[in-house]
Every structure is written in C-alpha cells, then in structure tokens.
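Engineer: Please find query.txt (compact mmCIF, C-alpha atoms and all ligand atoms) on the next line:
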```
# COMPACT_ATOMS: atom_id res chain seq x y z
CA MET A 1000 31.77 -22.80 17.61
CA ILE A 1001 31.67 -22.99 13.80
CA ALA A 1002 30.12 -19.88 12.21
CA LYS A 1003 27.82 -20.27 9.22
CA GLN A 1004 28.52 -17.37 6.83
CA GLY A 1005 25.33 -15.35 6.38
CA LEU A 1006 23.52 -17.66 8.85
CA GLU A 1007 22.73 -19.93 5.88
CA GLY A 1008 20.36 -22.73 6.84
CA ILE A 1009 20.16 -21.61 10.47
CA VAL A 1010 16.68 -21.83 12.01
CA ALA A 1011 16.62 -18.74 14.21
CA THR A 1012 13.05 -18.66 15.50
CA THR A 1013 9.61 -20.22 15.25
CA SER A 1014 6.85 -18.39 13.39
CA SER A 1015 3.25 -19.10 12.35
CA ILE A 1016 3.14 -16.45 9.65
CA SER A 1017 4.67 -17.71 6.41
CA SER A 1018 6.54 -20.81 5.35
CA ILE A 1019 8.79 -21.88 2.50
CA ILE A 1020 8.63 -25.64 2.15
CA ASP A 1021 9.86 -27.45 -0.99
CA ASP A 1022 10.01 -24.09 -2.80
CA ASN A 1023 6.33 -23.38 -2.04
CA LEU A 1024 5.48 -20.16 -0.24
CA THR A 1025 2.43 -20.05 2.00
CA TYR A 1026 0.97 -17.30 4.17
CA VAL A 1027 -0.51 -18.92 7.29
CA GLY A 1028 -1.17 -22.10 5.31
CA TYR A 1029 -2.59 -20.48 2.15
CA ASN A 1030 -0.55 -20.98 -0.98
CA ILE A 1031 0.69 -17.74 -2.50
CA ASP A 1032 -0.75 -18.75 -5.90
CA ASP A 1033 -4.21 -19.09 -4.39
CA LEU A 1034 -4.00 -15.73 -2.61
CA THR A 1035 -2.56 -13.88 -5.62
CA GLU A 1036 -5.35 -15.10 -7.88
CA ASN A 1037 -8.21 -14.58 -5.45
CA ALA A 1038 -7.51 -12.25 -2.52
CA THR A 1039 -7.13 -8.54 -1.92
CA PHE A 1040 -4.07 -7.07 -0.22
CA GLU A 1041 -6.25 -6.03 2.74
CA GLU A 1042 -7.39 -9.64 3.23
CA VAL A 1043 -3.74 -10.71 3.23
CA ILE A 1044 -2.84 -8.04 5.79
CA TYR A 1045 -5.61 -9.32 8.05
CA LEU A 1046 -4.44 -12.89 7.52
CA LEU A 1047 -0.84 -12.05 8.45
CA TRP A 1048 -1.86 -10.13 11.56
CA HIS A 1049 -4.66 -12.43 12.82
CA LEU A 1050 -3.60 -15.77 11.31
CA GLU A 1051 -7.08 -16.22 9.78
CA LEU A 1052 -8.77 -14.74 6.73
CA PRO A 1053 -11.28 -12.05 7.75
CA THR A 1054 -15.05 -12.30 7.62
CA LYS A 1055 -16.76 -9.60 5.54
CA GLU A 1056 -17.29 -7.49 8.68
CA GLN A 1057 -13.72 -7.92 9.91
CA LEU A 1058 -12.39 -6.97 6.48
CA GLN A 1059 -14.57 -3.87 6.35
CA GLU A 1060 -13.43 -2.86 9.82
CA LEU A 1061 -9.77 -3.16 8.83
CA LYS A 1062 -10.38 -1.19 5.63
CA ASN A 1063 -12.12 1.55 7.62
CA GLN A 1064 -9.26 1.67 10.12
CA ILE A 1065 -6.73 1.97 7.32
CA ALA A 1066 -8.79 4.62 5.49
CA ASP A 1067 -9.04 6.64 8.71
CA ASN A 1068 -5.27 6.61 9.19
CA MET A 1069 -3.81 7.32 5.76
CA GLU A 1070 -3.32 11.05 6.20
CA LEU A 1071 0.15 12.18 7.32
CA PRO A 1072 0.83 14.57 10.20
CA LYS A 1073 1.49 18.02 8.74
CA GLU A 1074 4.98 17.94 10.31
CA VAL A 1075 5.86 14.87 8.25
CA ILE A 1076 4.70 16.55 5.02
CA ALA A 1077 6.72 19.64 5.98
CA THR A 1078 9.82 17.50 6.58
CA LEU A 1079 9.37 15.70 3.24
CA LYS A 1080 9.22 19.13 1.61
CA SER A 1081 12.40 20.22 3.40
CA MET A 1082 14.43 17.20 2.22
CA PRO A 1083 17.11 17.57 -0.49
CA THR A 1084 14.73 15.66 -2.76
CA ASP A 1085 16.92 15.82 -5.87
CA LYS A 1086 19.86 14.20 -4.07
CA ILE A 1087 18.35 11.44 -1.96
CA HIS A 1088 16.95 8.01 -2.63
CA PRO A 1089 13.22 7.63 -1.83
CA MET A 1090 14.10 4.72 0.48
CA ALA A 1091 16.17 7.12 2.60
CA ALA A 1092 13.23 9.55 2.63
CA LEU A 1093 10.87 6.73 3.62
CA ARG A 1094 13.19 5.51 6.38
CA THR A 1095 13.43 9.02 7.82
CA ALA A 1096 9.70 9.76 7.47
CA VAL A 1097 8.71 6.53 9.22
CA SER A 1098 11.06 7.29 12.08
CA LEU A 1099 9.54 10.78 12.23
CA LEU A 1100 6.01 9.36 12.37
CA GLY A 1101 6.95 7.86 15.72
CA LEU A 1102 7.59 11.34 17.12
CA TYR A 1103 4.00 12.34 16.38
CA ASP A 1104 2.38 9.19 17.75
CA ASP A 1105 1.44 9.58 21.41
CA GLU A 1106 1.40 5.80 21.74
CA ALA A 1107 4.85 5.27 20.19
CA ASP A 1108 6.31 3.88 23.41
CA VAL A 1109 3.15 2.29 24.83
CA MET A 1110 3.90 -1.41 24.74
CA GLU A 1111 0.39 -2.84 25.35
CA LYS A 1112 -0.82 -5.30 22.73
CA GLU A 1113 -3.79 -3.16 21.64
CA ALA A 1114 -1.59 -0.07 21.29
CA ASN A 1115 0.91 -2.02 19.19
CA TYR A 1116 -1.93 -3.17 16.92
CA ARG A 1117 -3.14 0.42 16.53
CA LYS A 1118 0.39 1.44 15.55
CA ALA A 1119 0.46 -1.39 13.01
CA ILE A 1120 -2.66 0.05 11.37
CA ARG A 1121 -1.22 3.56 11.35
CA LEU A 1122 2.05 2.44 9.77
CA GLN A 1123 0.36 0.24 7.17
CA ALA A 1124 -1.97 3.10 6.30
CA LYS A 1125 0.64 5.87 6.16
CA MET A 1126 3.52 4.22 4.30
CA PRO A 1127 1.84 4.42 0.85
CA THR A 1128 0.99 8.07 1.54
CA ILE A 1129 4.62 8.85 2.38
CA VAL A 1130 5.96 7.25 -0.80
CA ALA A 1131 3.39 8.96 -3.01
CA ALA A 1132 3.84 12.33 -1.28
CA PHE A 1133 7.62 12.20 -1.63
CA SER A 1134 7.30 11.34 -5.30
CA ARG A 1135 5.06 14.34 -5.94
CA ILE A 1136 7.02 16.77 -3.80
CA ARG A 1137 10.24 16.07 -5.65
CA LYS A 1138 8.47 16.84 -8.93
CA GLY A 1139 7.35 20.19 -7.53
CA LEU A 1140 3.75 18.99 -7.10
CA GLU A 1141 1.52 19.10 -4.04
CA PRO A 1142 0.80 15.72 -2.36
CA VAL A 1143 -2.61 14.28 -3.21
CA ALA A 1144 -4.81 13.47 -0.20
CA PRO A 1145 -5.83 9.78 0.10
CA ARG A 1146 -9.41 8.79 -0.70
CA LYS A 1147 -11.44 6.93 1.90
CA ASP A 1148 -13.35 4.95 -0.71
CA PHE A 1149 -10.18 3.44 -2.23
CA ASP A 1150 -8.26 0.37 -1.08
CA ILE A 1151 -4.48 0.56 -0.63
CA ALA A 1152 -3.54 -0.45 -4.22
CA GLU A 1153 -5.95 2.03 -5.80
CA ASN A 1154 -5.17 4.79 -3.33
CA PHE A 1155 -1.44 4.44 -3.82
CA LEU A 1156 -1.65 4.81 -7.60
CA TYR A 1157 -4.17 7.62 -7.20
CA MET A 1158 -1.97 9.56 -4.76
CA LEU A 1159 1.07 8.99 -6.97
CA ASN A 1160 -0.48 10.26 -10.22
CA GLY A 1161 -3.34 12.48 -9.04
CA LYS A 1162 -5.82 10.61 -11.25
CA GLU A 1163 -7.98 7.54 -10.81
CA PRO A 1164 -6.06 4.48 -12.01
CA GLU A 1165 -7.40 1.96 -14.54
CA LYS A 1166 -8.89 -1.29 -13.22
CA ILE A 1167 -6.08 -3.37 -14.71
CA GLU A 1168 -3.47 -1.18 -13.00
CA VAL A 1169 -5.20 -1.59 -9.64
CA GLU A 1170 -5.38 -5.36 -10.15
CA ALA A 1171 -1.68 -5.53 -10.99
CA MET A 1172 -0.74 -3.42 -7.98
CA ASN A 1173 -2.95 -5.52 -5.72
CA LYS A 1174 -1.24 -8.72 -6.92
CA ALA A 1175 2.23 -7.21 -6.55
CA LEU A 1176 1.42 -6.11 -2.99
CA ILE A 1177 0.20 -9.62 -2.11
CA LEU A 1178 3.28 -11.27 -3.61
CA HIS A 1179 5.69 -9.09 -1.61
CA ALA A 1180 3.77 -9.08 1.68
CA ASP A 1181 5.72 -11.65 3.67
CA HIS A 1182 8.60 -14.03 3.21
CA GLU A 1183 9.53 -15.93 6.33
CA LEU A 1184 12.79 -14.78 7.93
CA ASN A 1185 14.17 -12.60 5.12
CA ALA A 1186 16.84 -10.04 6.03
CA SER A 1187 14.55 -7.08 6.72
CA THR A 1188 12.06 -9.13 8.72
CA PHE A 1189 14.88 -10.60 10.78
CA THR A 1190 16.17 -7.07 11.33
CA ALA A 1191 12.75 -5.95 12.57
CA ARG A 1192 12.52 -8.92 14.94
CA VAL A 1193 16.04 -8.39 16.31
CA CYS A 1194 15.21 -4.73 16.93
CA VAL A 1195 11.93 -5.21 18.77
CA ALA A 1196 13.21 -8.23 20.70
CA THR A 1197 15.15 -5.70 22.79
CA LEU A 1198 11.64 -4.39 23.64
CA SER A 1199 12.23 -1.37 21.48
CA ASP A 1200 9.13 0.18 19.85
CA VAL A 1201 7.29 -0.63 16.61
CA TYR A 1202 8.57 2.51 14.82
CA SER A 1203 12.18 1.54 15.57
CA GLY A 1204 11.50 -1.97 14.25
CA ILE A 1205 10.02 -0.72 10.96
CA THR A 1206 12.69 1.95 10.51
CA SER A 1207 15.41 -0.70 10.91
CA ALA A 1208 13.62 -3.01 8.48
CA ILE A 1209 13.39 -0.29 5.81
CA GLY A 1210 17.15 0.19 6.14
CA ALA A 1211 17.74 -3.53 5.56
CA LEU A 1212 15.33 -3.73 2.61
CA LYS A 1213 17.10 -0.83 0.87
CA GLY A 1214 20.20 -2.87 -0.03
CA PRO A 1215 20.59 -4.27 -3.57
CA LEU A 1216 20.99 -7.85 -2.35
CA HIS A 1217 17.48 -7.58 -0.88
CA GLY A 1218 14.66 -5.21 -1.92
CA GLY A 1219 16.95 -2.83 -3.78
CA ALA A 1220 17.40 -5.47 -6.49
CA ASN A 1221 14.20 -4.53 -8.38
CA GLU A 1222 15.49 -1.03 -9.18
CA GLN A 1223 18.82 -2.49 -10.30
CA VAL A 1224 17.00 -4.89 -12.64
CA MET A 1225 15.31 -1.96 -14.38
CA LYS A 1226 18.64 -0.16 -14.59
CA MET A 1227 20.06 -3.23 -16.33
CA LEU A 1228 17.10 -3.56 -18.74
CA THR A 1229 17.47 0.12 -19.63
CA GLU A 1230 21.23 -0.28 -20.16
CA ILE A 1231 20.59 -3.26 -22.45
CA GLY A 1232 17.99 -1.26 -24.38
CA SER A 1233 17.06 -3.85 -27.04
CA VAL A 1234 16.55 -7.61 -27.24
CA ASP A 1235 19.45 -8.19 -29.63
CA LYS A 1236 21.92 -6.82 -27.04
CA ALA A 1237 20.63 -8.87 -24.10
CA GLU A 1238 22.55 -12.11 -24.61
CA GLN A 1239 25.96 -10.47 -25.00
CA TYR A 1240 25.29 -8.17 -22.05
CA VAL A 1241 24.63 -11.10 -19.73
CA LEU A 1242 27.60 -13.11 -21.02
CA ASP A 1243 29.91 -10.10 -20.55
CA LYS A 1244 28.71 -9.54 -16.98
CA LEU A 1245 29.17 -13.19 -16.12
CA SER A 1246 32.63 -13.34 -17.67
CA LYS A 1247 33.56 -10.44 -15.36
CA LYS A 1248 32.10 -12.45 -12.44
CA GLU A 1249 29.49 -9.76 -11.86
CA LYS A 1250 26.08 -10.61 -10.45
CA ILE A 1251 22.93 -10.21 -12.49
CA MET A 1252 20.29 -8.64 -10.27
CA GLY A 1253 16.98 -10.44 -9.90
CA PHE A 1254 18.45 -13.95 -9.98
CA GLY A 1255 19.34 -16.38 -7.23
CA HIS A 1256 17.97 -16.89 -3.79
CA ARG A 1257 19.26 -18.07 -0.45
CA VAL A 1258 16.34 -20.42 0.17
CA TYR A 1259 14.73 -21.39 -3.16
CA ARG A 1260 16.52 -23.93 -5.30
CA SER A 1261 14.15 -24.83 -8.13
CA GLY A 1262 12.68 -21.31 -8.35
CA ASP A 1263 10.92 -18.47 -6.59
CA PRO A 1264 7.16 -19.23 -6.79
CA ARG A 1265 6.37 -15.50 -6.95
CA ALA A 1266 8.31 -14.93 -10.16
CA LYS A 1267 5.88 -16.72 -12.51
CA HIS A 1268 3.03 -14.39 -11.50
CA LEU A 1269 5.14 -11.31 -12.12
CA LYS A 1270 6.37 -12.74 -15.42
CA GLU A 1271 2.80 -13.15 -16.66
CA MET A 1272 1.86 -9.70 -15.39
CA SER A 1273 4.88 -8.26 -17.17
CA ARG A 1274 3.86 -9.96 -20.43
CA LYS A 1275 0.32 -8.59 -20.25
CA LEU A 1276 1.17 -5.08 -19.07
CA THR A 1277 4.04 -4.45 -21.47
CA GLU A 1278 1.80 -5.56 -24.33
CA LEU A 1279 -0.94 -3.23 -23.12
CA THR A 1280 1.38 -0.22 -22.87
CA GLY A 1281 2.77 -0.93 -26.33
CA GLU A 1282 6.26 -1.53 -24.96
CA PRO A 1283 6.62 -5.33 -25.22
CA GLU A 1284 10.39 -4.92 -25.54
CA TRP A 1285 10.76 -4.71 -21.75
CA TYR A 1286 9.24 -8.17 -21.43
CA ASP A 1287 11.20 -9.49 -24.41
CA ILE A 1288 14.52 -8.17 -23.04
CA SER A 1289 13.68 -9.67 -19.65
CA VAL A 1290 12.95 -13.07 -21.18
CA LYS A 1291 16.20 -12.99 -23.17
CA VAL A 1292 18.18 -12.10 -20.02
CA HIS A 1293 16.35 -14.88 -18.18
CA GLU A 1294 17.10 -17.48 -20.87
CA THR A 1295 20.73 -16.47 -21.26
CA PHE A 1296 21.42 -16.28 -17.54
CA THR A 1297 19.83 -19.64 -16.73
CA SER A 1298 21.68 -21.28 -19.64
CA GLN A 1299 24.88 -20.30 -17.81
CA LYS A 1300 23.91 -20.63 -14.16
CA PRO A 1301 21.29 -22.81 -12.47
CA LEU A 1302 19.80 -19.82 -10.65
CA PRO A 1303 16.18 -18.98 -11.49
CA PRO A 1304 14.73 -15.45 -11.33
CA ASN A 1305 13.48 -14.19 -7.99
CA VAL A 1306 10.58 -11.85 -7.15
CA ASP A 1307 12.59 -8.79 -8.16
CA PHE A 1308 13.29 -9.74 -11.77
CA TYR A 1309 9.92 -9.44 -13.51
CA SER A 1310 8.51 -6.96 -10.98
CA ALA A 1311 10.80 -4.35 -12.54
CA SER A 1312 9.06 -4.37 -15.94
CA VAL A 1313 5.67 -4.63 -14.19
CA TYR A 1314 6.22 -1.42 -12.21
CA HIS A 1315 7.76 0.29 -15.23
CA SER A 1316 4.61 -0.53 -17.22
CA LEU A 1317 2.52 1.05 -14.48
CA GLY A 1318 4.41 4.27 -15.17
CA ILE A 1319 6.23 4.21 -11.84
CA ASP A 1320 9.61 5.95 -11.43
CA HIS A 1321 12.34 3.33 -11.17
CA ASP A 1322 13.66 4.43 -7.81
CA LEU A 1323 10.17 3.96 -6.33
CA PHE A 1324 10.25 0.19 -6.97
CA THR A 1325 11.90 -0.62 -3.64
CA PRO A 1326 9.66 1.77 -1.65
CA ILE A 1327 6.67 -0.11 -3.17
CA PHE A 1328 8.23 -3.33 -1.89
CA ALA A 1329 8.29 -1.65 1.56
CA VAL A 1330 4.65 -0.53 1.24
CA SER A 1331 3.77 -4.21 0.88
CA ARG A 1332 6.36 -5.84 3.16
CA VAL A 1333 5.46 -3.57 6.08
CA SER A 1334 2.44 -5.87 6.51
CA GLY A 1335 4.77 -8.82 7.05
CA TRP A 1336 7.20 -6.84 9.23
CA LEU A 1337 4.31 -5.78 11.45
CA ALA A 1338 2.99 -9.35 11.68
CA HIS A 1339 6.44 -10.54 12.76
CA ILE A 1340 6.87 -7.67 15.23
CA LEU A 1341 3.51 -8.48 16.87
CA GLU A 1342 4.45 -12.17 16.95
CA GLN A 1343 7.85 -11.35 18.47
CA TYR A 1344 6.29 -9.25 21.25
CA ASP A 1345 3.83 -12.07 22.00
CA ASN A 1346 6.58 -14.53 22.87
CA ASN A 1347 9.66 -12.41 23.29
CA ARG A 1348 13.20 -13.31 24.14
CA LEU A 1349 16.22 -11.12 23.36
CA ILE A 1350 17.88 -12.21 20.08
CA ARG A 1351 21.57 -12.34 20.79
CA PRO A 1352 23.63 -14.89 18.86
CA ARG A 1353 27.38 -15.47 19.23
CA ALA A 1354 30.31 -14.77 16.89
CA GLU A 1355 33.20 -17.12 16.27
CA TYR A 1356 36.23 -15.04 17.25
CA THR A 1357 38.93 -14.88 14.56
CA GLY A 1358 41.06 -11.97 15.90
CA PRO A 1359 44.48 -12.06 17.65
CA SER A 1360 44.97 -14.11 20.82
CA LEU A 1361 45.40 -12.39 24.19
CA ARG A 1362 47.99 -9.57 24.21
CA GLN A 1363 49.27 -6.91 26.56
CA TYR A 1364 48.35 -3.21 26.38
CA VAL A 1365 51.29 -1.03 25.23
CA PRO A 1366 51.20 2.71 26.17
CA VAL A 1367 50.78 4.99 23.14
CA ASP A 1368 54.33 6.54 23.32
CA GLN A 1369 55.90 3.05 23.17
CA ARG A 1370 53.99 1.88 20.06
N1 LIG A 1401 24.24 -13.47 -10.57
C1 LIG A 1401 25.39 -14.14 -10.76
N2 LIG A 1401 25.86 -15.02 -9.88
C2 LIG A 1401 25.14 -15.24 -8.78
C3 LIG A 1401 23.92 -14.57 -8.53
C4 LIG A 1401 23.49 -13.66 -9.48
N3 LIG A 1401 22.36 -12.99 -9.31
N4 LIG A 1401 23.44 -14.99 -7.36
C5 LIG A 1401 24.30 -15.87 -6.88
N5 LIG A 1401 25.33 -16.04 -7.73
C6 LIG A 1401 26.47 -16.92 -7.58
C7 LIG A 1401 27.53 -16.23 -6.73
O1 LIG A 1401 28.40 -15.45 -7.49
C8 LIG A 1401 28.19 -17.41 -6.08
O2 LIG A 1401 29.03 -18.01 -7.01
P1 LIG A 1401 30.44 -18.68 -6.55
O3 LIG A 1401 30.06 -19.76 -5.60
O4 LIG A 1401 31.02 -19.13 -7.84
O5 LIG A 1401 31.20 -17.56 -5.88
C9 LIG A 1401 27.03 -18.37 -5.84
O6 LIG A 1401 26.06 -18.06 -6.84
C10 LIG A 1401 26.40 -18.21 -4.46
O7 LIG A 1401 26.05 -16.83 -4.30
P2 LIG A 1401 25.83 -16.13 -2.92
O8 LIG A 1401 25.80 -14.66 -3.15
O9 LIG A 1401 26.80 -16.65 -1.90
O10 LIG A 1401 24.42 -16.71 -2.55
P3 LIG A 1401 23.52 -16.25 -1.35
O11 LIG A 1401 22.65 -17.35 -0.97
O12 LIG A 1401 24.38 -15.65 -0.29
O13 LIG A 1401 22.76 -15.03 -2.01
C11 LIG A 1401 21.36 -13.64 -3.14
C12 LIG A 1401 21.48 -14.95 -2.38
C13 LIG A 1401 19.90 -13.38 -3.45
C14 LIG A 1401 21.89 -12.48 -2.28
C15 LIG A 1401 22.17 -13.72 -4.46
O14 LIG A 1401 21.63 -14.74 -5.27
C16 LIG A 1401 22.23 -12.40 -5.19
O15 LIG A 1401 23.08 -11.57 -4.89
N6 LIG A 1401 21.31 -12.16 -6.18
C17 LIG A 1401 21.24 -10.89 -6.85
C18 LIG A 1401 20.52 -9.86 -5.98
C19 LIG A 1401 19.05 -10.14 -5.91
O16 LIG A 1401 18.39 -10.41 -6.90
N7 LIG A 1401 18.47 -10.02 -4.70
C20 LIG A 1401 17.06 -10.23 -4.46
C21 LIG A 1401 16.84 -11.43 -3.60
S1 LIG A 1401 15.18 -12.11 -3.57
C22 LIG A 1401 14.07 -10.95 -3.01
C23 LIG A 1401 14.54 -9.93 -2.07
O17 LIG A 1401 15.03 -10.24 -1.00
O18 LIG A 1401 14.38 -8.77 -2.40
```
Please lay out the structure from this file as structure tokens.
Ligand code: CMC
Structural biologist:
Amino acid sequence: MIAKQGLEGIVATTSSISSIIDDNLTYVGYNIDDLTENATFEEVIYLLWHLELPTKEQLQELKNQIADNMELPKEVIATLKSMPTDKIHPMAALRTAVSLLGLYDDEADVMEKEANYRKAIRLQAKMPTIVAAFSRIRKGLEPVAPRKDFDIAENFLYMLNGKEPEKIEVEAMNKALILHADHELNASTFTARVCVATLSDVYSGITSAIGALKGPLHGGANEQVMKMLTEIGSVDKAEQYVLDKLSKKEKIMGFGHRVYRSGDPRAKHLKEMSRKLTELTGEPEWYDISVKVHETFTSQKPLPPNVDFYSASVYHSLGIDHDLFTPIFAVSRVSGWLAHILEQYDNNRLIRPRAEYTGPSLRQYVPVDQR
C-alpha cells in the first residue's frame, strides 16, 4: 500500500451532485456562472436535493417549508443565551446549537427517506436563525424572529440587523450563498458522508461537517483573509506584507486549492461583487488592498485566489462581523452537505479506508516495572 498524503487525487465515491471538470464547477450539470447570475439560493437548494431545477409550484412549496421551520426551539435560544458568548467562536456555537437541535427533533433517529428529507428542511431553515440569534445575543440584543415572507438571504440579513436589508445587499447575499452551496468532495462534505455512512443520523453528519469547515485551511480561511486585510490597512503596505509573509514561508489565506489549477471559478464573481460593494459603501480600499495582495501573491506563486479571498471584503461591505464569515459559509454549504447525506443514505456502504502502517515492527510486551 502506498498512502497518498491528504488523499490527493483519490476518487473516493461517485456523486451526481456537483462536478469540477477542467476547473469548471457545475451543480447537477448547471454551470456555477449561469446559476449565480440567474438563480435564487432556494432554487439551488432544490436542485441539489432533487437533481432538477424546481417548477414554480415546487419552488413555492420548498420556500413555504423553509419559512415554516425557521424558528428555533426555545431550549436552543436559551442555550445560546447561556453560552460564554464573549469567549467562543460563532462556529463553535453553531456546531453546538446544531447538535442540540437534534435533541429536540422527534424524528432525529428515524432513518426513513421522507423523515431524512424533513430533517434536511429543518436544518436548512434553522441554521441562518442560529447564526443571526447568536450574533445578536452576544451583543446583548434579543434575537429577531424570522419573517415568513422573506427568502433565506433576506431573512438572514434581517435577523442579523433587525432591519429590512437593501435590495443590493440581498442580491449579494443570494449570490454568495449560491457560490458556496456545494463543492464536490471537499473536506466538510467528505466528513459528513463518512459520518452518515455508519448509518448515524443527519444531525451527527451536519455537526461533524461544521467542525471540519471551521478550520482555516477550509471555510475558516475567509475570516483569516479579513484579518490579513485589516492588518495590512492600506494599499501601499500590501506588497511588502505579502513578500514578508512569503519570505517567512507563511501561507497567505484565500489562495491555492487542492483541485483547481488555473483558478477557482467562484472567485471572479466575488471579486466583482467586492468591487461594486466596497465602492457603494465608500470603502474601496478593501477592494484595492485585496487586488494588490492578489497581484503580488500571484507574481510570486502560481496559485490563484479561491472562493474565500474576495468573499471577505464582500461580507465586510455588508456590515457583517468578521467572525461570522465562516458561519455564513456553513449557512450555504449545509445545502450541499444535506444533498450529499441524502445521496449517501440512498446507496450506502461504510466508508472505511486503510492506512499505510509506518510504526515499529512487531515487539514483545514488557511489564511496567521492567521498563
Ligand atoms: N500561500 C502560500 N503558499 C501556499 C498556499 C498559500 N495560500 N497554498 C499553497 N501553498 C504552497 C505550499 O506552501 C506548498 O509549497 P511547497 O511545496 O513549497 O511546500 C505548495 O503550495 C502546496 O501546498 P499544500 O498546502 O500542500 O497544497 P494542498 O493542495 O494540500 O492545499 C490548500 C490546498 C487550500 C489547503 C492550500 O492552498 C492552503 O492552505 N491555502 C490557504 C488556505 C485557504 O485559502 N483555504 C481555503 C481553500 S478553498 C475553499 C474552502 O475550502 O474553504
């Protein structure tokens, strides 16, 4: 056996949900560019879960189901309020709250297909509410109840800020949610599939996936990008900052990808959104610093920006706290995780690879007093 570090290039399963071929990303055959320009996040959720775009009626039904399930159990709100909110990362709060949701779902361990689909709706509907509620609670504010007449993008911004968002903000959030919705066998999706392939429940699968997304090599990178942009502070300092980091062999967050070689097709959308939004908010420097980092980094290393690089300045321009960037990624990616979980259950086999053993060869036990 020869181990491939990080399972690079290993095809671990089949899937009909999303594909990356020649650096193009498609969701069930639809190019991500097409969907980002034309679709709503709800249409994409339906597509990922049913492998077809919805009719008007099917879309309305899904929206109604989501609207009916956005409220959190009072016990979950109480637990969010009891958390040491000033000390913990919102991803840790989200991970715990999602696990807790399972305790208040009578169907948590019912493994029938229809019950799993109902749980998918509940999780998709409640995750934005959790993130928004946590954000308000830690500021000493009461959570804002979701509105039934709002879609997920609008509702999320509304619950976060307690006021109706502008149209352009909703459009940006909708696009960002579409762009992050699914991504083949990324680390968190693989985690979710490994978990439920033991025939564990949907809540366990999503809780595990949130844990995997939290890391800075995966979803946690977007927050680190904003931290870097803030540290840089002005365009004239960007070039030297990047060169210094690289000379110390440190990574620059938001660049590189395991699968893409010529570039992440999601990045160009976020770059354009960043340009427009930073101009609109009167803070174009965030875009300008990003572009300078981008130019300097790629002049040194042939690694283009990934989805996390320009999303940082996009979310910042929407007035979102920097440590909520990764939870927003989760609010979107839960649609993909759920699609993969449902697909895994449909054709399940335990996922159990092997390890190439590199430890000592066979030896004899020595009693503790003779060691
Ligand atoms: N900055 C500087 N050097 C880098 C970077 C980077 N961002 N990414 C890769 N490299 C270098 C790395 O140092 C290594 O160089 P050498 O061969 O000289 O040691 C080489 O490129 C290969 O790197 P790797 O870490 O082995 O590559 P990988 O395929 O295992 O990792 C990655 C992919 C995304 C984890 C990595 O590019 C990285 O750490 N990027 C920064 C974190 C980041 O932006 N993550 C978000 C990923 S995309 C969306 C998501 O999942 O959220």
Engineer: Throw together the list of residues within 7 Å of ligand LIG 1401 (chain A), counting all atoms listed in the file, and drop it here as a PyMOL selection string.
Structural biologist: chain A and resi 1005+1185+1215-1220+1245+1248-1257+1302+1305-1307
Engineer: Which residues are close to Val1097 (chain A), i.e. within 8 Å by only C-alpha atoms, leaving aside same-chain residues fewer than 2 positions away? Reply as a list in words.
Structural biologist: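 Near neighbours after the sequence-gap exclusion: Leu1093, Arg1094, Thr1095, Leu1099, Leu1100, Gly1101, Leu1122, Met1126, Tyr1202, Ile1205 and Thr1206 of chain A.
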Engineer: Using all atoms listed in the file, determine which residues lie at most 12 Å from Asp1345 (chain A), disregarding the query and same-chain residues fewer than 4 positions distant; provide the list as a VMD selection string.
Structural biologist: chain A and resid 1014 to 1015 1110 to 1113 1115 to 1116 1192 1195 to 1196 1198 1338 to 1341
Engineer: Can you tell me how far CA of Ala1211 (chain A) sits from CA of Ile1327 (chain A), in Å to one decimal?
Structural biologist: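 About the pair CA of Ala1211 (chain A) and CA of Ile1327 (chain A): they are 14.5 Å apart.
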Engineer: Please compute the CA of Thr1197 (chain A)-CA of Ala1354 (chain A) distance, one decimal, in Å.
Structural biologist: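 For CA of Thr1197 (chain A) relative to CA of Ala1354 (chain A), the distance reads 18.6 Å.
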Engineer: Using Å and a single decimal, report how far CA of Phe1040 (chain A) sits from CA of Ala1191 (chain A).
Structural biologist: 21.2 Å
Engineer: From the set A:Thr1013, A:Thr1297, A:Gln1239, A:Thr1277, which residue has the shortest atom-to-atom contact distance to Ser1261 (chain A), counting only C-alpha atoms?
Structural biologist: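 Among the listed residues, A:Thr1297 lies closest to Ser1261 (chain A).
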